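Please read the structure below before turning to the comments.
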Amino acid sequence: MEGVTGVYEPVQHHWFHCQNPVDCRSSWIPFSREDSLRLEETHKHGETSGEGEVEVVVATEGRRFDVRLKERRCFAVYWEQPPLEVRRCSWFHKGDKDISYTPYPEDTSLVLEEAYMMAVKLNDWKKKKIEFPTGETVVLHSPTLMTQQQTIPLKDWISLPSEQSQPRTVKRGLEGIRVELPEGEPDQVDHLVFMVHGIGPTCDIQLRGVIQCVNDFRGASLSLLSSHFKQSQDGTRMGRVEFLPVDWHRVLHGDATGVDDDIQRITLPSISRLRQFSNSTVLDLFFYNSPTYCQTIIDTVASEINRLHQVFLQRHPQFTGAVSLAGHSLGSLILFDLLTNQERRNTDENGSSVSSPSEATPLDFESFEDTLRNFGLGKYVQMLTKEQMDLESLGLCSETFFKDLGIPLGPRKKIMYLLKRWRGQESRTGTSHPVPGIPGIAGVYSHVQEHPTLLSGTPSTSPVDYKYFDVGIGQVSIVYPQLAFQPQAFFALGSPIGMFLTVRGLKRIDPKYSLPTCKSFYNIFHPFDPVACRIEPMVVFPEVDLPPILIPHHKGRKRMHLELKDSLKRVSSDLLLSISTVRGVWQTLTMLPVNTLPLVAGVGTTAALPPQESEGERPVCSGAPNGTVSPTEMRNISVGMLNGGRRFDYVLQEKPLESFNEYLFAIQSHLCYWDSEDTVLLLLREIYEGKGILL
């Protein structure tokens, strides 16, 4: 028979995992060639060495998953999800209406391979049939034509769906099927980014969770690294950027808080779906402004980031890169509040925090008087003991109370620092302390630091003295935990930070202010995002019209419809200028002779303007209301130190379809960042720019 040589070639196996733990019939995904080869080599080594019964763990998918070969299951390392079935595949089948091929179980593939081997060696292809106990029959017509038929009793022919009675195509090995193998990931990790989601359990328009969205974000980064940084990557100077999700919604709405049950009891039965959606999404904003649940959210985010960071370092002991943070929507506000309350610490060369001996050494708070003397507050012992104060009652007092007692600013700051150390040390042992006016909530401390505060002055809309207010910028009174590292950059995506700061009473951010432990900040938004706000206008003078920086398209150009829009604006501007010039010339030609003597300034008159400042010719001043800043003036405008003196408001280019109706695509615009290649490329560019690697 044509194509039969009588020489048997063993089939090449490839490893797959089931994407859907509930239904594996049509959701088998292949491992990358590198991961599959690693699994195959480990499997064969166990068979030849006689260690097949010993459990062996193989790290896959960039070390984010562990495959237990004996169990044939894949476990996620960084997040919780049901284990996935793993299969060593060589034979596949597919129906007429199926999208992709489904691998046979390993024992079935072994039987089919033995039958195929005998058919090749004996050159026997006379409709060789292999029947299985499950009722399927595989017929080997030739090396290239094999089918599967379902044995169906006569009584079931009428009720059985037609597609189940049709024969299925059978293929041997990957060569006979169309399957796209994912690209392998470099072992070297150059940078680590933690991504925090916003309100609700879903993150994008497809209603996917943060894990799936971050997976797509990571996949886009790998593709862009290979296309835009190819030259540098081939020079072995580059690896990849690892993106890990941080999920706080699951903890907030879990059984530990019981908040969902409490909300459900007071929820009206009408429009149940809308109310359920509101309870699981919009209410997160109210939870974050509640001292009780804000503490839960902040603690969850900080502890999860620190946990993921520790696990990552254990699985990547050779990692020497930096760490950054990215937050979407409410997640960006959570990170901003967390970063504004970090303490400056010494760092090692990897960016990990190293506490000074005074900060790391536990203090003895057993004696109230000794504690005050150890902090240089011995002269106030008698005053405070006269008021029957101890550490717990001292923790209930605000700085205003000590100011009313006549204690100067320096000793007041020492007392607040003492309370901060006491609460921090006690919180590590599981003890919480109350906040003034909020029973049962962990206390708030004064953020003592040497760098400028966020506020440039007291807001005129509030009588509160924000410069000496415990929280500082209107944040909820909670204890802000410390991160185990100092981030290199903070990326805010579709962020309402500017709106929340304004609502809290902050008029203007001090240009000298920078995040205590993070020197780079980027505010990235879509022009139609209804939640996003700018932040640069809170730093520069409000009269300056400073447009945000337009993020380039990932293909290296401006979108065509935006170029067309700019061209039309230039044409209309030139046309108006031409009309104005013609009108001026006509007025000059038709003007009657007038007295050429200059007017004398007197009562009720106005002095003549210099020629260069006459009406219609006066230049637009950058400080004038609605004055558009010229490129030359833009370079001289200070945008503060939030991003090290550089601009930090970045706007995406809307798609052509989105430009037809801003309102129709508003919600989608707020959820677009997870699959935006332009956003991914901006992050990669800023990350690798710090390493001296440019596009």
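Chain labels A, B, ... are given in the sequence in which chains occur in the structure tokens; within each chain residues are numbered consecutively from 1, and ligands are likewise numbered from 1 in the order shown.
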query: If you count only C-alpha atoms, which residues fall within 12 Å of Glu654 of chain A, apart from same-chain ones fewer than 2 positions away, as an NGL selection string?
result: :A and (525-529 or 550-553 or 558-563 or 651-652 or 656-662 or 665-666 or 668-670 or 672-673 or 676 or 678)
query: For Ala59 of chain A, which residue out of A:Arg647, A:Arg237, A:Lys94, A:His316 is the nearest one, using only C-alpha atoms?
result: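 Of A:Arg647, A:Arg237, A:Lys94, A:His316, the one nearest Ala59 of chain A is A:His316, counting only C-alpha atoms.
Residues of segment 489-527 of chain A carrying a DSSP assignment of helix (DSSP H, G or I), computed from the backbone, are A:Ile497, A:Gly498, A:Met499, A:Phe500, A:Leu501, A:Thr502, A:Val503.
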Those same residues, written as an mmCIF file, in the first residue's frame with C-alpha atoms?
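The resulting file, selection-v5.cif, is reproduced below:
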```
data_model
loop_
_atom_site.group_PDB
_atom_site.id
_atom_site.type_symbol
_atom_site.label_atom_id
_atom_site.label_comp_id
_atom_site.auth_asym_id
_atom_site.auth_seq_id
_atom_site.Cartn_x
_atom_site.Cartn_y
_atom_site.Cartn_z
ATOM 1 C CA ILE A 497 -6.981 58.870 42.621
ATOM 2 C CA GLY A 498 -7.388 62.514 41.606
ATOM 3 C CA MET A 499 -11.113 62.477 42.336
ATOM 4 C CA PHE A 500 -10.678 60.867 45.754
ATOM 5 C CA LEU A 501 -7.942 63.311 46.754
ATOM 6 C CA THR A 502 -10.188 66.196 45.750
ATOM 7 C CA VAL A 503 -13.166 64.787 47.662
#
```
task: Write out as a ChimeraX atom specification all residues of segment 261-348 of chain A that DSSP puts in strand (DSSP E or B) for this structure's backbone.
output: /A:322-328,346-347
Now that the selection is made, can you save its residues with C-alpha atoms as a compact mmCIF listing (two decimals), in the first residue's frame?
```txt
# COMPACT_ATOMS: atom_id res chain seq x y z
CA ALA A 322 13.32 45.26 40.90
CA VAL A 323 9.62 45.12 41.77
CA SER A 324 6.79 47.42 40.64
CA LEU A 325 3.10 47.76 41.42
CA ALA A 326 0.12 48.25 39.12
CA GLY A 327 -3.47 48.90 40.14
CA HIS A 328 -6.68 49.20 38.16
CA ASN A 346 17.55 51.42 53.74
CA THR A 347 17.45 48.95 50.86
```
message: With only C-alpha atoms as the counted atoms, please give the residues lying no more than 10 Å from segment 38-47 of chain A, apart from itself and same-chain residues fewer than 3 positions off, as a ChimeraX atom specification.
response: /A:12-15,31-35,50-60,67-70,88
Just write the chosen residues, N, CA and C atoms, as a PDB file, in the first residue's frame.
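Written file, selection-v7.pdb:
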```pdb
ATOM      1  N   GLN A  12       5.638  10.567  18.726  1.00  0.00           N
ATOM      2  CA  GLN A  12       6.170  11.617  19.598  1.00  0.00           C
ATOM      3  C   GLN A  12       5.055  12.121  20.514  1.00  0.00           C
ATOM      4  N   HIS A  13       5.306  12.024  21.810  1.00  0.00           N
ATOM      5  CA  HIS A  13       4.299  12.448  22.777  1.00  0.00           C
ATOM      6  C   HIS A  13       4.413  13.941  23.065  1.00  0.00           C
ATOM      7  N   HIS A  14       3.286  14.526  23.365  1.00  0.00           N
ATOM      8  CA  HIS A  14       3.246  15.920  23.822  1.00  0.00           C
ATOM      9  C   HIS A  14       2.296  15.995  25.007  1.00  0.00           C
ATOM     10  N   TRP A  15       2.639  16.855  25.955  1.00  0.00           N
ATOM     11  CA  TRP A  15       1.867  16.942  27.191  1.00  0.00           C
ATOM     12  C   TRP A  15       0.837  18.065  27.091  1.00  0.00           C
ATOM     13  N   PHE A  31       1.033  22.162  26.524  1.00  0.00           N
ATOM     14  CA  PHE A  31       2.153  22.867  27.130  1.00  0.00           C
ATOM     15  C   PHE A  31       3.071  23.384  26.022  1.00  0.00           C
ATOM     16  N   SER A  32       3.907  24.336  26.352  1.00  0.00           N
ATOM     17  CA  SER A  32       4.898  24.799  25.381  1.00  0.00           C
ATOM     18  C   SER A  32       5.884  23.668  25.075  1.00  0.00           C
ATOM     19  N   ARG A  33       6.607  23.809  24.001  1.00  0.00           N
ATOM     20  CA  ARG A  33       7.569  22.767  23.629  1.00  0.00           C
ATOM     21  C   ARG A  33       8.604  22.556  24.735  1.00  0.00           C
ATOM     22  N   GLU A  34       9.035  23.655  25.343  1.00  0.00           N
ATOM     23  CA  GLU A  34      10.037  23.537  26.394  1.00  0.00           C
ATOM     24  C   GLU A  34       9.484  22.800  27.609  1.00  0.00           C
ATOM     25  N   ASP A  35       8.267  23.168  28.034  1.00  0.00           N
ATOM     26  CA  ASP A  35       7.672  22.499  29.191  1.00  0.00           C
ATOM     27  C   ASP A  35       7.356  21.041  28.889  1.00  0.00           C
ATOM     28  N   GLY A  50      13.498   3.282  37.422  1.00  0.00           N
ATOM     29  CA  GLY A  50      12.678   2.534  38.354  1.00  0.00           C
ATOM     30  C   GLY A  50      12.040   3.378  39.429  1.00  0.00           C
ATOM     31  N   GLU A  51      12.008   4.695  39.218  1.00  0.00           N
ATOM     32  CA  GLU A  51      11.435   5.608  40.217  1.00  0.00           C
ATOM     33  C   GLU A  51      10.055   6.086  39.786  1.00  0.00           C
ATOM     34  N   GLY A  52       9.364   5.278  38.987  1.00  0.00           N
ATOM     35  CA  GLY A  52       8.065   5.695  38.490  1.00  0.00           C
ATOM     36  C   GLY A  52       7.022   5.848  39.562  1.00  0.00           C
ATOM     37  N   GLU A  53       7.193   5.137  40.686  1.00  0.00           N
ATOM     38  CA  GLU A  53       6.224   5.228  41.762  1.00  0.00           C
ATOM     39  C   GLU A  53       6.496   6.393  42.694  1.00  0.00           C
ATOM     40  N   VAL A  54       7.648   7.030  42.538  1.00  0.00           N
ATOM     41  CA  VAL A  54       8.004   8.168  43.383  1.00  0.00           C
ATOM     42  C   VAL A  54       7.467   9.443  42.753  1.00  0.00           C
ATOM     43  N   GLU A  55       6.798  10.264  43.548  1.00  0.00           N
ATOM     44  CA  GLU A  55       6.230  11.511  43.035  1.00  0.00           C
ATOM     45  C   GLU A  55       7.333  12.490  42.663  1.00  0.00           C
ATOM     46  N   VAL A  56       7.242  13.017  41.458  1.00  0.00           N
ATOM     47  CA  VAL A  56       8.202  13.991  40.956  1.00  0.00           C
ATOM     48  C   VAL A  56       7.440  15.240  40.555  1.00  0.00           C
ATOM     49  N   VAL A  57       7.937  16.398  40.945  1.00  0.00           N
ATOM     50  CA  VAL A  57       7.295  17.680  40.656  1.00  0.00           C
ATOM     51  C   VAL A  57       8.125  18.425  39.623  1.00  0.00           C
ATOM     52  N   VAL A  58       7.461  18.883  38.570  1.00  0.00           N
ATOM     53  CA  VAL A  58       8.124  19.637  37.506  1.00  0.00           C
ATOM     54  C   VAL A  58       7.459  21.005  37.406  1.00  0.00           C
ATOM     55  N   ALA A  59       8.259  22.057  37.487  1.00  0.00           N
ATOM     56  CA  ALA A  59       7.742  23.423  37.378  1.00  0.00           C
ATOM     57  C   ALA A  59       7.503  23.767  35.912  1.00  0.00           C
ATOM     58  N   THR A  60       6.338  24.348  35.620  1.00  0.00           N
ATOM     59  CA  THR A  60       5.972  24.715  34.249  1.00  0.00           C
ATOM     60  C   THR A  60       5.388  26.126  34.228  1.00  0.00           C
ATOM     61  N   VAL A  67       3.630  20.520  38.166  1.00  0.00           N
ATOM     62  CA  VAL A  67       3.001  19.299  37.670  1.00  0.00           C
ATOM     63  C   VAL A  67       3.523  18.118  38.486  1.00  0.00           C
ATOM     64  N   ARG A  68       2.622  17.395  39.108  1.00  0.00           N
ATOM     65  CA  ARG A  68       2.962  16.167  39.820  1.00  0.00           C
ATOM     66  C   ARG A  68       2.730  15.010  38.860  1.00  0.00           C
ATOM     67  N   LEU A  69       3.840  14.433  38.409  1.00  0.00           N
ATOM     68  CA  LEU A  69       3.759  13.452  37.332  1.00  0.00           C
ATOM     69  C   LEU A  69       2.983  12.207  37.730  1.00  0.00           C
ATOM     70  N   LYS A  70       3.173  11.734  38.942  1.00  0.00           N
ATOM     71  CA  LYS A  70       2.471  10.517  39.350  1.00  0.00           C
ATOM     72  C   LYS A  70       0.964  10.749  39.414  1.00  0.00           C
ATOM     73  N   ARG A  88      -0.374  12.802  29.036  1.00  0.00           N
ATOM     74  CA  ARG A  88       0.682  12.549  28.048  1.00  0.00           C
ATOM     75  C   ARG A  88       0.000  12.039  26.785  1.00  0.00           C
TER      76      ARG A  88
END
```
Residue neighbourhood segment 175-185 of chain A, 9 Å, only C-alpha atoms, exclusion window fewer than 6 positions, as a PDB file with N, CA and C atoms, in the first residue's frame:
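Listing of around.pdb after writing:
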```
ATOM      1  N   ILE A  29      -5.354  22.059  26.525  1.00  0.00           N
ATOM      2  CA  ILE A  29      -4.387  23.054  26.072  1.00  0.00           C
ATOM      3  C   ILE A  29      -2.999  22.430  26.119  1.00  0.00           C
ATOM      4  N   PRO A  30      -2.225  22.567  25.045  1.00  0.00           N
ATOM      5  CA  PRO A  30      -0.870  21.992  25.064  1.00  0.00           C
ATOM      6  C   PRO A  30       0.094  22.830  25.888  1.00  0.00           C
ATOM      7  N   PHE A  31       1.033  22.162  26.524  1.00  0.00           N
ATOM      8  CA  PHE A  31       2.153  22.867  27.130  1.00  0.00           C
ATOM      9  C   PHE A  31       3.071  23.384  26.022  1.00  0.00           C
ATOM     10  N   SER A  32       3.907  24.336  26.352  1.00  0.00           N
ATOM     11  CA  SER A  32       4.898  24.799  25.381  1.00  0.00           C
ATOM     12  C   SER A  32       5.884  23.668  25.075  1.00  0.00           C
ATOM     13  N   ARG A  33       6.607  23.809  24.001  1.00  0.00           N
ATOM     14  CA  ARG A  33       7.569  22.767  23.629  1.00  0.00           C
ATOM     15  C   ARG A  33       8.604  22.556  24.735  1.00  0.00           C
ATOM     16  N   GLU A  34       9.035  23.655  25.343  1.00  0.00           N
ATOM     17  CA  GLU A  34      10.037  23.537  26.394  1.00  0.00           C
ATOM     18  C   GLU A  34       9.484  22.800  27.609  1.00  0.00           C
ATOM     19  N   ASP A  35       8.267  23.168  28.034  1.00  0.00           N
ATOM     20  CA  ASP A  35       7.672  22.499  29.191  1.00  0.00           C
ATOM     21  C   ASP A  35       7.356  21.041  28.889  1.00  0.00           C
ATOM     22  N   GLU A  61       5.105  26.594  33.009  1.00  0.00           N
ATOM     23  CA  GLU A  61       4.448  27.894  32.800  1.00  0.00           C
ATOM     24  C   GLU A  61       5.177  29.013  33.544  1.00  0.00           C
ATOM     25  N   GLY A  62       6.482  29.107  33.339  1.00  0.00           N
ATOM     26  CA  GLY A  62       7.240  30.155  34.007  1.00  0.00           C
ATOM     27  C   GLY A  62       7.338  29.966  35.504  1.00  0.00           C
ATOM     28  N   PHE A  92      -5.457  11.418  19.011  1.00  0.00           N
ATOM     29  CA  PHE A  92      -6.481  12.445  19.162  1.00  0.00           C
ATOM     30  C   PHE A  92      -7.690  12.089  18.294  1.00  0.00           C
ATOM     31  N   SER A 100     -11.700  21.642  18.026  1.00  0.00           N
ATOM     32  CA  SER A 100     -10.328  21.153  18.136  1.00  0.00           C
ATOM     33  C   SER A 100     -10.331  19.659  18.441  1.00  0.00           C
ATOM     34  N   TYR A 101      -9.158  19.063  18.328  1.00  0.00           N
ATOM     35  CA  TYR A 101      -8.996  17.647  18.624  1.00  0.00           C
ATOM     36  C   TYR A 101      -8.900  17.437  20.137  1.00  0.00           C
ATOM     37  N   THR A 144      -2.884   6.979   7.207  1.00  0.00           N
ATOM     38  CA  THR A 144      -3.388   8.354   7.193  1.00  0.00           C
ATOM     39  C   THR A 144      -4.896   8.443   7.337  1.00  0.00           C
ATOM     40  N   LEU A 222       4.957  39.134  26.707  1.00  0.00           N
ATOM     41  CA  LEU A 222       5.896  38.209  26.067  1.00  0.00           C
ATOM     42  C   LEU A 222       5.935  38.423  24.559  1.00  0.00           C
ATOM     43  N   SER A 223       4.768  38.641  23.962  1.00  0.00           N
ATOM     44  CA  SER A 223       4.716  38.878  22.519  1.00  0.00           C
ATOM     45  C   SER A 223       5.415  40.176  22.143  1.00  0.00           C
ATOM     46  N   GLY A 239      15.402  39.104  29.739  1.00  0.00           N
ATOM     47  CA  GLY A 239      14.623  37.918  30.022  1.00  0.00           C
ATOM     48  C   GLY A 239      13.154  38.203  29.775  1.00  0.00           C
ATOM     49  N   ARG A 240      12.399  38.360  30.845  1.00  0.00           N
ATOM     50  CA  ARG A 240      10.981  38.675  30.730  1.00  0.00           C
ATOM     51  C   ARG A 240      10.540  39.395  31.995  1.00  0.00           C
TER      52      ARG A 240
END
```
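The environment of Pro487 of chain A within 10 Å, counting only C-alpha atoms and disregarding residues fewer than 4 places along the same chain, consists of Leu192, Val193, Phe194, Ala322, Val323, Ser324, Leu325, Leu339, Gly351, Ser352, Ser353, Leu483, Thr517, Cys518, Lys519 and Ser520 of chain A.
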- request: Please identify all polymer residues within 12 Å of Arg373 of chain A, counting only C-alpha atoms, omitting same-chain residues fewer than 5 positions from it, and present them as a PyMOL selection string.
  value: chain A and resi 364-365+367-368+378-382+411+414-415+418
- prompt: What separation in Å, quoted to one decimal, exists between atom CA of Tyr688 of chain A and atom CA of Ser638 of chain A?
  reply: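 These two atoms are separated by 24.8 Å.
If you measure from each of A:Leu394, A:Leu506, A:Val639, A:Val241 to Glu686 of chain A using only C-alpha atoms, the closest one turns out to be A:Val241.
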Selected residue of minimal separation from Gly321 of chain A among A:Met238, A:Leu338, A:Val11, A:Gly410, counting only C-alpha atoms: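 Of the candidates, the smallest distance to Gly321 of chain A is held by A:Met238.
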Residue nearest Glu304 of chain A among A:Met195, A:Leu330, A:Ile524, A:Cys397 (counting only C-alpha atoms): A:Met195
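The residue that comes closest to Asp204 of chain A, out of A:Leu671, A:Leu694, A:Pro186, A:Tyr522 and on the basis of only C-alpha atoms, is A:Leu671.
Near Val680 of chain A, within 8 Å and counting only C-alpha atoms, sit Phe217, Ala220, Ser221, Ser676, Glu677, Asp678, Leu682, Leu683 and Leu684 of chain A; same-chain residues fewer than 2 positions away were not included.
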- prompt: So, counting only C-alpha atoms, which residue among A:Arg307, A:Phe648, A:Leu642, A:Arg63 is closest to Arg534 of chain A?
  reply: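 Looking at the shortest contact to Arg534 of chain A, the residue is A:Phe648.
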- prompt: How many Å separate atom CA of Cys74 of chain A from atom CA of Gln212 of chain A?
  reply: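 For atom CA of Cys74 of chain A relative to atom CA of Gln212 of chain A, the distance reads 16.6 Å.
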